[in-house]
Amino acid sequence: MADDKDVLRDVWFGRIPTCFTLYQDEITEREAEPFYLLLPRMSYLTLVTDKVKKHFLKVMKAEDIEEMWFDFEGTSLKWHYPIGLLFDLHASNTALPWSITVHFKNFPERDLLHCPSNSVIEAHFMSSIKEADALKHKSQVINDMQKKDHKQLWMGLQNVVLCSSDKFDQFWAMNRKLMEYPTEEGGFRYIPFRIYLTMSDRPFIQKLFRPISPDGHTHTLGDLLKEVYPVAIPNDDESKHYQVVIHGIEPLLETPLQWLSEHLSHPDNFLHISVIPAPSD
Amino acid sequence: MSVSLLWAVDVYGRVYSLSTGGQQWEQCQDAVLEFKRVTAVQQCCWGIACDHHIYLNVHSSDVPIRYQEETYENQRWNPKDNFSDHLLPSDRWHWSDITGLEHQPLDSFLLPSTNWEWEGDWYIDENFGGEPTEKGGWTYALDFPATYIKDKKWNSCVRRRRWIRYRRYKATDTWAKIPSEGHSGPLPDPFNDISCGGWEISEEPRGRLSLWAVSLQGKVWFREGIHHHSPEGEGWEEVSLPGEVVQISCGPGDLVWAVLWEGQLIVREGITRDCPQGLCWVVVDSPNPEAGAIHVAVGDNVVWAVTKDNKVWFRRGINSHNPCGSGWIGMVGEMVMVNVGLNDQVWGISCVDRAVYFRQGVTSSELSGKAWKAVNVPRDGDIRSHSSASISSLHSAGCFFSGEVQAQSVMSEDLDTEGGPQRAVLEVGTCPSSPPPEPPPIDPDVPKPRIPKVTSDSFISEMLSDRQVKQEAATTASPSIPEEEVALGEPEAKCPPPALVLSPSLSGGLGDPQWSNVDLEETQTHLAVGPAVVRGDSADTCSLSSVATYTLCQGEPYGADEHPLWAWVSGGGCGVNCHSQLNWFNSATALASSVQSMSLSISPAQTAAWRKQIFEQLSERSKREMDHFKHYEQAVEQSVWVKKGAMQWWRDWKPHKWVDVRFALEQFSGPEGNQDGILFLYYNFNEEKKYLHAFINEVTILVPVLNDSKHTFAIYTAERTKQRWPIRLAAATEVEMHDWLALLSVSCCDSRGIQGPPSKQAIWSVTCKGDIFVCEPSPSLEACPYPTPCDQMFWRQVGGHLRLVECNSLGVVWGVGYDHTAWVYTGYGGGFFQGLASSTDNIFTQTDVKCVYIYENQRWNPVTGYTNRGLPTDRYMWSDATGLQECTKANAKPPSPHWTWVADWTIDYGISGGTDREGWQYAADFPRSYHGHKTLKDFVRRRRWARKCKLTTTGPWQEVPPIPLSDVTIVLCGAQSSVEPIPLWAISNKGDVLCRLGVTLLTPAGTSWLHVGTDQPFKSISIGGANQVWAIARDGSAFYRGSVSSESPAGDCWYHIPCPERQKLQQVSVGRTSVYTVDQNGNLWFRQGLTPSYPQGSSWEHICNNVRKVSVGPLDQVWIIADKVQGSHSLSCGTVCHRLGVQPMEPKGQSWDYGIGGGWDHITVRGNSIEAPRVRMPSLTPSLTSSLTDPLRPPPPRSLLPVMITEMENGNAVRC
């Protein structure tokens, strides 16, 4: 009975309960209390952790502070991945709240990008949107938008943190344009997606993939995986080795890809798909 | 939109139908014969087959056509034989009709025709005026004819009983031959044309139709006695004529036009409900004196005609007072015939490509429409892949009319040389801004194979050929003259005489100079309009071929022709209007297939497993990741947000009046993330500035109250509900009101953490304005002894417009509109929520129709008889039902601006008490009880006028065609049970009992109706726990349906339950075990003594009066709509009330708790199966306590304690 708007809503309002603890080797003046926060799945770590920073700064000396970064069980968390993706990829089957360690020293230059200000996030976010639209509409939609429309998309992302229906509506008022396609074509030109693997050296897999096959069939999530990463598809006879996770859920393989792209994409308009090993039990 | 059919006949006589929901012509498989013509109405289709006989195809319905035959068995008592068949010689027959005058033994009843069958054998009617009889159904009397009673008395000398037998019309969905016999034997000559309509003339008898037919000799016949129980009618009656008729058309109302052989038209006048055949004919001239009319088509308020030059004409100025209209307007397009369907929509068959065209843009304000659009769907037998053809057809898309443009431009050149200045108008209209596609070569000299003659046109054609000769206009003449009947399917057998390939356009060029062309833009429109697949040979796209002559490539087999060639179309049963979404206009080519695959991937998506999975997983995710962590801080906080506006307020103190106020909503997010807010209303009191405020989380309901003078809405809180005095506000415009309502309702929902669609347990209610509200029941709502007070229930509005709504705890929700349309719930949204950019996934257009009634009152005086001059003390001569309010035809308005008139005022003959032939009801004085015939004691009379109005809105409701309902009920079950299919029963608006098959959670609309036989019409039904079905008949008696189970969803028989003494029951509701009924006097009755072994119970126990409706839920909870409830400030009618103290051992409860009210009409609590927890821990939810300490918020006044629920939970816990 629910409708697709509710999916967008649920995706938009997705939150991950997180416990931030200070790395044990950081030097503090007194003991740092862990900090609990609901992180919006759609946002980026560095965009929503002002409170965390403020919290730990209270117990630290100013000279001990360099750029803040995070890790989960030893894995440095890339701020330029959406939070939900980081969680799905690294912490899917762990206990909640998600326990993130906060660092202020020894920035892992090899793993992470620096994020000196929010404008870096904005630049990253906008470039993702543009890339996505290049795939979807040959950049026609994004190029037709004005500067202020771009700004609205970015504001929308920033507002994910606010639990407001208005902000959701505001963002979608603009984002809807990016999700349109000519009816006679049945979908986007290519689906902007990225498949992330925990066990791989490559950061992610990205290929050109159309929502509709040349003979007019609708491509599904299963079709995509078969083409791009067939290992993720369970064989008939064996148990599931991998979980295919988007926004913390495992859609059925017969889910149409176009629908997924329209409803489960992040604000950067990419469908971020995590393929993670299935829990052994 | 309910699915209905467009009927058509192709040139080979094959009958096809096209569903409004479909995308291909379905051949009527049953038709063994070829047909010439068909004329369809919603319930059936009449046709003339090639044997010239008339056939009737009655569409099968879930409710069969059945007719109850009855006869009475009469007996007299004598001392010797006791009661016996020995009657006195002066007595009535042993077997007679009800009056005793007619001898009617059982074996005298014969089936009217072979199309009927008996349903069973004769049986005795045991029901007597709502009371069960004993002793074999006998009723007793002192003597014939007298008043019969059910009990035998000492002086009962005679007795009688009623025997019943049903016959059923069996020839549905098949062509049944109608014997062509008049009053005196067979008709002299066979039929040539037929037209069916007239169902709007009278609703008595039900399903009445007028059928007009034309014979070969040009006589007109009227078929008498067609109605629901007699679909075939009774006989033909000849209608006298001023000439010989070739074709006739009959509209839904009283319009009947016919075409004479000489080319004039005749209009039937004097058609009334008492005289559906009408009285006389009036002649109207042909639109074009040069070219007589050959075809006419009429609708409700329109007349279209085709002249023999194939020009199409629209008649101006037609209305019910002027069936002849005032003048002709020439339209663009050349048609063989046109047909007017429902809603005055127009269909035509083009003479160029013989495709069926739909007139786009026909609305009640623009009856002539905008443009012709080709219906372009394949037939069921067609091969779909015409990829090569599609290129040429796409290329020539729009060539259909551009071809005409060419023809006419060429023509106008000719005319210029001939000096025809009158063509200037046409030229303007036909000069396309973009040059039309190349004119294909016209080569009349090439002999072309002729396709077989069009059967249905043969006579017209012959006639025309005659006329041509007479007119000596052979060179300019029009439709072709096929010579001979050619055997069907042997197209190549004959070669056409080339001379017969003529140019109709040229003849048109010489036409009437007085015409005006209203379709000047049409050529362009058509170039843009959808691909009209013109036949593959593009040489023909604008060939000047004539009506019945077709050019086809040599040797091309007809079976595989690229598009069907149509001969006749009938839209009389096709319920479309200019807003209908039809899939008929895309081409049947590769493009279409991609569209189809698209739609395939989307429409089932609503129910697909993957989609369900995503919903489930997302809600699991929310539970997992968010529900337990609500106390965590949000990453970023939010600030206050204010919206202000100017409004008017119905002030609280006397004298009450509208005063200007400033209105503001301040919103902020609570710590839990919920939006919270305060409403402020700033006003002046004695020049002192004051304000009134209400917390958003205390608002219990927002009720829009649209009337024609103000856009108002009411805000209730629990306190205001007690007072029966809401905050009433008026916005300056409707838009503003909707903005505020949308905003406020979102704020209210946010503050209460309510989102998305109503839960399966939701309580639904409907106001007398048709607005729909839902309430999420809290677990403590049905707690005993301390339930949540009713006035604290929070109601939010759901889009749509309904008269009643019913649900169960599985989430199946059905509604019934004022026009009896059945609707099934599809999701959330619609109405004014559309302003919120909400998705339109489950939102559909919903319409409702109701009548506004006014009364015409008259008083008798000895001089002039009845006149509209009353006594000075009398009521208004035009008034409402009470007589207190003046209501004239001119000043009566639809109920709100959302309603628009859709018809004119008509006399309402259906009013209770009966009327005379002019609709009058008589009485001794105002206001008294009225009766339908005049007596000596009567000095006043009145009659009721009705005018239909229509509302169009949107809501999460989808129509369940085709049977209109008056009541519906869905089985009760516990929250966890999984009954499938889900039993659903309904009463049709005609009183049939129906059982819906195939209702499941995925298909809540079900699949079809199963008709459950009854001996009388019913009006209310309810199915409770354990498949207990109770129903109320129209005579006020109650029935229990035996043996209903999942194996036997319709049960086996009705058990008659006597009514409470001297009361006629009105409505029933069956809970898990309780059965409650409401009678016509507003008494609420509880059924005593129900046990599993004796589910019918023993007696009725009176609970209370002042009840309008009752709803009993799966916990046996009892809710009613009370008629009148007094509050501290005001009285409200139609109030939701909850029975307190209902417990398993005390199903009757103790007292009432009063909830929202003032205009409520219906409630259903049948979804709420949430049992109150027995023991509860005292817990204050953190949000509620902290919201009290929120610094942004002024301390609440004592009288408006927020969130009573908290209190109740405390109280409950303390006392537990």
# chains A, B, ... in the order shown; residues from 1 in each chain; ligands from 1
>>> interface_residues(of="chain A", to="chain B", cutoff="9 Å", atoms="only C-alpha atoms", output="number ranges by chain")
A: 1-7, 10-11, 14-18, 36-40, 48-52, 96-97, 159, 161-165, 169, 172-173, 183-187, 216-218, 247-256, 259
>>> residues_around(residues="Ile191 of chain A", least_positions_apart="4", cutoff="7 Å", atoms="only C-alpha atoms", output="list of chain:residue names")
A:Leu135, A:Lys136, A:Phe209, A:Arg210, A:Pro211, A:Ser261
>>> write_last_selection(atoms="N, CA, C and O atoms", output="PDB file, in the first residue's frame")
ATOM      1  N   LEU A 135      26.085  10.384 -17.676  1.00  0.00           N
ATOM      2  CA  LEU A 135      25.690   9.014 -17.990  1.00  0.00           C
ATOM      3  C   LEU A 135      24.204   8.941 -18.314  1.00  0.00           C
ATOM      4  O   LEU A 135      23.792   8.250 -19.244  1.00  0.00           O
ATOM      5  N   LYS A 136      23.413   9.677 -17.545  1.00  0.00           N
ATOM      6  CA  LYS A 136      21.968   9.534 -17.690  1.00  0.00           C
ATOM      7  C   LYS A 136      21.427  10.270 -18.900  1.00  0.00           C
ATOM      8  O   LYS A 136      20.587   9.764 -19.629  1.00  0.00           O
ATOM      9  N   PHE A 209      26.210   0.823 -18.444  1.00  0.00           N
ATOM     10  CA  PHE A 209      25.178  -0.209 -18.410  1.00  0.00           C
ATOM     11  C   PHE A 209      23.825   0.452 -18.604  1.00  0.00           C
ATOM     12  O   PHE A 209      23.494   1.423 -17.943  1.00  0.00           O
ATOM     13  N   ARG A 210      23.065  -0.090 -19.552  1.00  0.00           N
ATOM     14  CA  ARG A 210      21.772   0.535 -19.873  1.00  0.00           C
ATOM     15  C   ARG A 210      20.640  -0.085 -19.061  1.00  0.00           C
ATOM     16  O   ARG A 210      20.696  -1.259 -18.727  1.00  0.00           O
ATOM     17  N   PRO A 211      19.604   0.695 -18.793  1.00  0.00           N
ATOM     18  CA  PRO A 211      18.474   0.153 -18.014  1.00  0.00           C
ATOM     19  C   PRO A 211      17.605  -0.803 -18.816  1.00  0.00           C
ATOM     20  O   PRO A 211      16.872  -1.604 -18.249  1.00  0.00           O
ATOM     21  N   SER A 261      17.697   3.030  -9.584  1.00  0.00           N
ATOM     22  CA  SER A 261      18.445   4.258  -9.820  1.00  0.00           C
ATOM     23  C   SER A 261      17.613   5.473  -9.447  1.00  0.00           C
ATOM     24  O   SER A 261      18.126   6.449  -8.917  1.00  0.00           O
TER      25      SER A 261
END
>>> select_by_dssp(residues="segment 138-232 of chain A", states="helix (DSSP H, G or I)", output="CSV table (one decimal) with N, CA, C and O atoms, in the first residue's frame")
chain,number,residue,atom,x,y,z
A,140,GLN,N,22.7,16.7,-20.4
A,140,GLN,CA,21.7,17.7,-20.8
A,140,GLN,C,21.0,18.4,-19.7
A,140,GLN,O,20.8,19.6,-19.7
A,141,VAL,N,20.6,17.7,-18.7
A,141,VAL,CA,19.8,18.2,-17.6
A,141,VAL,C,20.7,19.2,-16.8
A,141,VAL,O,20.3,20.3,-16.5
A,142,ILE,N,21.8,18.7,-16.4
A,142,ILE,CA,22.6,19.5,-15.5
A,142,ILE,C,23.1,20.8,-16.1
A,142,ILE,O,23.2,21.8,-15.5
A,143,ASN,N,23.4,20.7,-17.4
A,143,ASN,CA,23.8,21.9,-18.1
A,143,ASN,C,22.7,22.9,-18.3
A,143,ASN,O,23.0,24.1,-18.4
A,144,ASP,N,21.5,22.4,-18.4
A,144,ASP,CA,20.4,23.3,-18.5
A,144,ASP,C,20.1,24.0,-17.2
A,144,ASP,O,19.4,25.0,-17.2
A,147,LYS,N,23.0,28.1,-12.1
A,147,LYS,CA,23.9,28.1,-10.9
A,147,LYS,C,23.1,27.9,-9.6
A,147,LYS,O,23.4,27.1,-8.8
A,148,LYS,N,22.0,28.6,-9.5
A,148,LYS,CA,21.2,28.5,-8.3
A,148,LYS,C,20.6,27.1,-8.1
A,148,LYS,O,20.3,26.7,-7.0
A,149,ASP,N,20.3,26.5,-9.2
A,149,ASP,CA,19.7,25.1,-9.1
A,149,ASP,C,20.8,24.2,-8.6
A,149,ASP,O,20.5,23.3,-7.8
A,150,HIS,N,22.0,24.4,-9.1
A,150,HIS,CA,23.1,23.6,-8.5
A,150,HIS,C,23.2,23.8,-7.0
A,150,HIS,O,23.4,22.9,-6.3
A,151,LYS,N,23.1,25.1,-6.7
A,151,LYS,CA,23.2,25.4,-5.3
A,151,LYS,C,22.1,24.7,-4.5
A,151,LYS,O,22.4,24.3,-3.4
A,152,GLN,N,21.0,24.7,-5.1
A,152,GLN,CA,19.8,24.1,-4.4
A,152,GLN,C,20.1,22.6,-4.1
A,152,GLN,O,19.7,22.0,-3.1
A,153,LEU,N,20.7,21.9,-5.1
A,153,LEU,CA,21.0,20.5,-4.9
A,153,LEU,C,22.0,20.4,-3.7
A,153,LEU,O,21.9,19.5,-2.8
A,154,TRP,N,23.0,21.2,-3.7
A,154,TRP,CA,24.0,21.2,-2.6
A,154,TRP,C,23.4,21.5,-1.3
A,154,TRP,O,23.6,20.8,-0.3
A,155,MET,N,22.5,22.5,-1.3
A,155,MET,CA,21.8,22.9,0.0
A,155,MET,C,21.0,21.7,0.4
A,155,MET,O,20.9,21.4,1.6
A,156,GLY,N,20.4,21.0,-0.6
A,156,GLY,CA,19.6,19.9,-0.2
A,156,GLY,C,20.4,18.8,0.5
A,156,GLY,O,20.0,18.3,1.5
A,157,LEU,N,21.6,18.6,0.0
A,157,LEU,CA,22.4,17.6,0.6
A,157,LEU,C,22.8,18.0,2.0
A,157,LEU,O,22.7,17.2,3.0
A,158,GLN,N,23.1,19.3,2.2
A,158,GLN,CA,23.4,19.8,3.5
A,158,GLN,C,22.3,19.6,4.5
A,158,GLN,O,22.4,19.4,5.7
A,159,ASN,N,21.1,19.8,3.9
A,159,ASN,CA,19.9,19.7,4.7
A,159,ASN,C,19.4,18.3,5.1
A,159,ASN,O,18.4,18.2,5.8
A,160,VAL,N,20.1,17.3,4.5
A,160,VAL,CA,19.7,16.0,4.8
A,160,VAL,C,19.7,15.8,6.4
A,160,VAL,O,18.8,15.1,6.9
A,161,VAL,N,20.6,16.5,7.0
A,161,VAL,CA,20.7,16.3,8.5
A,161,VAL,C,19.5,16.8,9.2
A,161,VAL,O,19.2,16.4,10.3
A,165,SER,N,10.6,17.6,6.5
A,165,SER,CA,9.9,17.2,5.3
A,165,SER,C,10.1,18.3,4.2
A,165,SER,O,10.2,18.0,3.0
A,166,ASP,N,10.1,19.5,4.7
A,166,ASP,CA,10.3,20.6,3.7
A,166,ASP,C,11.6,20.5,2.9
A,166,ASP,O,11.6,20.7,1.7
A,167,LYS,N,12.6,20.1,3.7
A,167,LYS,CA,13.9,20.1,3.0
A,167,LYS,C,13.9,18.9,2.0
A,167,LYS,O,14.5,19.0,0.9
A,168,PHE,N,13.3,17.8,2.4
A,168,PHE,CA,13.2,16.7,1.5
A,168,PHE,C,12.4,17.1,0.3
A,168,PHE,O,12.9,16.9,-0.9
A,169,ASP,N,11.3,17.9,0.4
A,169,ASP,CA,10.6,18.3,-0.7
A,169,ASP,C,11.4,19.3,-1.6
A,169,ASP,O,11.4,19.2,-2.8
A,170,GLN,N,12.1,20.2,-0.9
A,170,GLN,CA,13.0,21.1,-1.6
A,170,GLN,C,14.0,20.4,-2.5
A,170,GLN,O,14.2,20.8,-3.6
A,171,PHE,N,14.7,19.5,-1.9
A,171,PHE,CA,15.7,18.8,-2.6
A,171,PHE,C,15.1,18.0,-3.8
A,171,PHE,O,15.6,18.1,-4.9
A,172,TRP,N,14.0,17.3,-3.5
A,172,TRP,CA,13.4,16.5,-4.6
A,172,TRP,C,12.8,17.4,-5.7
A,172,TRP,O,12.7,17.0,-6.9
A,173,ALA,N,12.4,18.6,-5.3
A,173,ALA,CA,11.8,19.5,-6.4
A,173,ALA,C,12.9,19.7,-7.5
A,173,ALA,O,12.6,19.8,-8.6
A,174,MET,N,14.1,19.8,-7.1
A,174,MET,CA,15.2,19.9,-8.0
A,174,MET,C,15.7,18.6,-8.6
A,174,MET,O,15.9,18.4,-9.7
A,175,ASN,N,15.9,17.7,-7.6
A,175,ASN,CA,16.5,16.4,-8.0
A,175,ASN,C,15.6,15.6,-9.0
A,175,ASN,O,16.1,14.8,-9.8
A,176,ARG,N,14.3,15.9,-8.9
A,176,ARG,CA,13.4,15.2,-9.8
A,176,ARG,C,13.7,15.4,-11.3
A,176,ARG,O,13.6,14.5,-12.1
A,177,LYS,N,14.2,16.6,-11.5
A,177,LYS,CA,14.6,16.9,-12.9
A,177,LYS,C,15.7,16.0,-13.4
A,177,LYS,O,15.7,15.6,-14.6
A,178,LEU,N,16.6,15.7,-12.5
A,178,LEU,CA,17.7,14.8,-12.9
A,178,LEU,C,17.2,13.4,-13.0
A,178,LEU,O,17.9,12.5,-13.6
A,183,THR,N,9.8,9.1,-21.9
A,183,THR,CA,9.0,7.9,-21.7
A,183,THR,C,9.3,6.9,-22.8
A,183,THR,O,9.3,5.7,-22.5
A,184,GLU,N,9.5,7.3,-24.0
A,184,GLU,CA,9.6,6.3,-25.0
A,184,GLU,C,10.9,5.5,-24.9
A,184,GLU,O,11.0,4.5,-25.5
A,185,GLU,N,11.8,6.1,-24.1
A,185,GLU,CA,13.1,5.4,-24.0
A,185,GLU,C,13.1,4.4,-22.8
A,185,GLU,O,14.0,3.6,-22.7
A,221,LEU,N,18.7,-5.7,-11.3
A,221,LEU,CA,19.9,-5.7,-10.5
A,221,LEU,C,20.7,-6.9,-10.8
A,221,LEU,O,22.0,-6.9,-10.9
A,222,GLY,N,20.0,-8.0,-10.9
A,222,GLY,CA,20.7,-9.3,-11.3
A,222,GLY,C,21.4,-9.2,-12.6
A,222,GLY,O,22.6,-9.7,-12.7
A,223,ASP,N,20.8,-8.6,-13.6
A,223,ASP,CA,21.5,-8.5,-14.9
A,223,ASP,C,22.7,-7.7,-14.8
A,223,ASP,O,23.8,-8.0,-15.4
A,224,LEU,N,22.7,-6.6,-14.0
A,224,LEU,CA,23.8,-5.8,-13.8
A,224,LEU,C,25.0,-6.6,-13.2
A,224,LEU,O,26.1,-6.6,-13.6
A,225,LEU,N,24.7,-7.3,-12.1
A,225,LEU,CA,25.7,-8.1,-11.4
A,225,LEU,C,26.3,-9.1,-12.3
A,225,LEU,O,27.5,-9.4,-12.4
A,226,LYS,N,25.4,-9.8,-13.1
A,226,LYS,CA,25.8,-10.9,-14.0
A,226,LYS,C,26.9,-10.3,-14.9
A,226,LYS,O,27.9,-10.9,-15.2
A,227,GLU,N,26.6,-9.1,-15.4
A,227,GLU,CA,27.5,-8.5,-16.3
A,227,GLU,C,28.8,-8.0,-15.7
A,227,GLU,O,29.9,-8.1,-16.2
A,228,VAL,N,28.6,-7.4,-14.5
A,228,VAL,CA,29.7,-6.6,-13.9
A,228,VAL,C,30.5,-7.4,-12.9
A,228,VAL,O,31.7,-7.4,-12.8
A,230,PRO,N,29.8,-11.1,-11.6
A,230,PRO,CA,28.9,-12.3,-11.5
A,230,PRO,C,29.1,-13.1,-10.2
A,230,PRO,O,28.2,-13.9,-9.8
A,231,VAL,N,30.3,-13.0,-9.6
A,231,VAL,CA,30.5,-13.7,-8.4
A,231,VAL,C,29.5,-13.4,-7.3
A,231,VAL,O,29.2,-14.3,-6.5
A,232,ALA,N,29.0,-12.2,-7.4
A,232,ALA,CA,28.0,-11.8,-6.3
A,232,ALA,C,26.7,-12.5,-6.4
A,232,ALA,O,26.0,-12.5,-5.4
>>> closest_residue(among="A:Ile65, A:Met42, A:Leu197, A:Leu113", to="Asn269 of chain A", atoms="only C-alpha atoms")
A:Met42
>>> closest_residue(among="A:Thr21, A:Phe193, A:Met199, A:Val244", to="Leu257 of chain A", atoms="only C-alpha atoms")
A:Phe193
>>> residues_around(residues="segment 1129-1146 of chain B", least_positions_apart="5", cutoff="7 Å", atoms="only C-alpha atoms", output="VMD selection string")
chain B and resid 723 to 725 784 to 785 790 1117 to 1124 1151 to 1161
>>> write_last_selection(atoms="N, CA, C and O atoms", output="CSV table (one decimal), in the first residue's frame")
chain,number,residue,atom,x,y,z
B,723,GLN,N,-16.6,21.3,23.8
B,723,GLN,CA,-17.5,22.4,23.8
B,723,GLN,C,-18.4,22.4,22.5
B,723,GLN,O,-19.4,23.1,22.5
B,724,ARG,N,-18.0,21.5,21.6
B,724,ARG,CA,-18.7,21.5,20.3
B,724,ARG,C,-18.6,22.9,19.6
B,724,ARG,O,-19.5,23.4,19.1
B,725,TRP,N,-17.5,23.5,19.8
B,725,TRP,CA,-17.2,24.8,19.3
B,725,TRP,C,-15.8,24.9,18.8
B,725,TRP,O,-14.9,25.3,19.6
B,784,CYS,N,-10.1,-1.1,29.0
B,784,CYS,CA,-11.2,-1.1,29.9
B,784,CYS,C,-10.5,-1.3,31.3
B,784,CYS,O,-9.7,-2.1,31.5
B,785,PRO,N,-10.8,-0.4,32.2
B,785,PRO,CA,-11.9,0.5,32.3
B,785,PRO,C,-11.5,1.9,31.9
B,785,PRO,O,-12.3,2.8,31.9
B,790,CYS,N,-12.4,9.7,23.6
B,790,CYS,CA,-12.7,9.8,22.2
B,790,CYS,C,-12.3,11.2,21.6
B,790,CYS,O,-12.0,11.3,20.5
B,1117,GLN,N,-15.9,-4.0,20.0
B,1117,GLN,CA,-16.1,-2.6,20.4
B,1117,GLN,C,-17.2,-2.0,19.6
B,1117,GLN,O,-17.4,-2.4,18.4
B,1118,VAL,N,-17.9,-1.1,20.2
B,1118,VAL,CA,-19.1,-0.5,19.5
B,1118,VAL,C,-18.9,1.0,19.4
B,1118,VAL,O,-18.7,1.7,20.4
B,1119,TRP,N,-19.0,1.5,18.2
B,1119,TRP,CA,-18.9,2.9,17.9
B,1119,TRP,C,-20.2,3.3,17.1
B,1119,TRP,O,-20.7,2.5,16.3
B,1120,ILE,N,-20.7,4.5,17.4
B,1120,ILE,CA,-21.9,4.9,16.6
B,1120,ILE,C,-21.7,6.3,16.1
B,1120,ILE,O,-20.7,7.0,16.5
B,1121,ILE,N,-22.5,6.7,15.2
B,1121,ILE,CA,-22.7,8.1,14.9
B,1121,ILE,C,-24.0,8.5,15.6
B,1121,ILE,O,-25.1,7.9,15.2
B,1122,ALA,N,-23.9,9.3,16.6
B,1122,ALA,CA,-25.1,9.8,17.3
B,1122,ALA,C,-25.7,11.0,16.6
B,1122,ALA,O,-25.0,11.8,16.0
B,1123,ASP,N,-27.0,11.0,16.6
B,1123,ASP,CA,-27.7,12.1,15.9
B,1123,ASP,C,-27.4,13.4,16.4
B,1123,ASP,O,-27.0,14.3,15.7
B,1124,LYS,N,-27.6,13.6,17.8
B,1124,LYS,CA,-27.4,14.9,18.3
B,1124,LYS,C,-26.7,14.8,19.7
B,1124,LYS,O,-27.0,13.9,20.5
B,1151,SER,N,-21.9,3.0,28.9
B,1151,SER,CA,-22.3,4.4,28.6
B,1151,SER,C,-21.5,4.9,27.4
B,1151,SER,O,-20.7,4.1,26.8
B,1152,TRP,N,-21.8,6.1,27.0
B,1152,TRP,CA,-21.1,6.6,25.7
B,1152,TRP,C,-20.1,7.6,26.1
B,1152,TRP,O,-20.2,8.4,27.0
B,1153,ASP,N,-19.1,7.6,25.2
B,1153,ASP,CA,-18.0,8.7,25.3
B,1153,ASP,C,-18.1,9.4,24.0
B,1153,ASP,O,-18.3,8.8,22.9
B,1154,TYR,N,-18.1,10.7,24.0
B,1154,TYR,CA,-18.4,11.5,22.8
B,1154,TYR,C,-17.1,12.0,22.2
B,1154,TYR,O,-16.3,12.6,22.8
B,1155,GLY,N,-17.0,11.8,20.9
B,1155,GLY,CA,-15.8,12.3,20.2
B,1155,GLY,C,-16.1,13.4,19.2
B,1155,GLY,O,-17.1,14.1,19.4
B,1156,ILE,N,-15.4,13.4,18.1
B,1156,ILE,CA,-15.5,14.4,17.1
B,1156,ILE,C,-16.9,14.4,16.5
B,1156,ILE,O,-17.6,13.4,16.4
B,1157,GLY,N,-17.5,15.6,16.3
B,1157,GLY,CA,-18.8,15.6,15.8
B,1157,GLY,C,-19.2,16.9,15.1
B,1157,GLY,O,-18.4,17.8,15.1
B,1158,GLY,N,-20.4,16.9,14.6
B,1158,GLY,CA,-20.9,18.0,13.9
B,1158,GLY,C,-20.7,17.6,12.4
B,1158,GLY,O,-19.7,18.0,11.8
B,1159,GLY,N,-21.6,16.9,11.9
B,1159,GLY,CA,-21.6,16.6,10.5
B,1159,GLY,C,-20.9,15.3,10.1
B,1159,GLY,O,-20.6,15.1,9.0
B,1160,TRP,N,-20.8,14.4,11.1
B,1160,TRP,CA,-20.2,13.1,10.7
B,1160,TRP,C,-21.4,12.1,10.3
B,1160,TRP,O,-22.5,12.2,10.8
B,1161,ASP,N,-21.1,11.3,9.3
B,1161,ASP,CA,-22.1,10.5,8.7
B,1161,ASP,C,-21.8,9.0,8.9
B,1161,ASP,O,-22.7,8.2,8.8
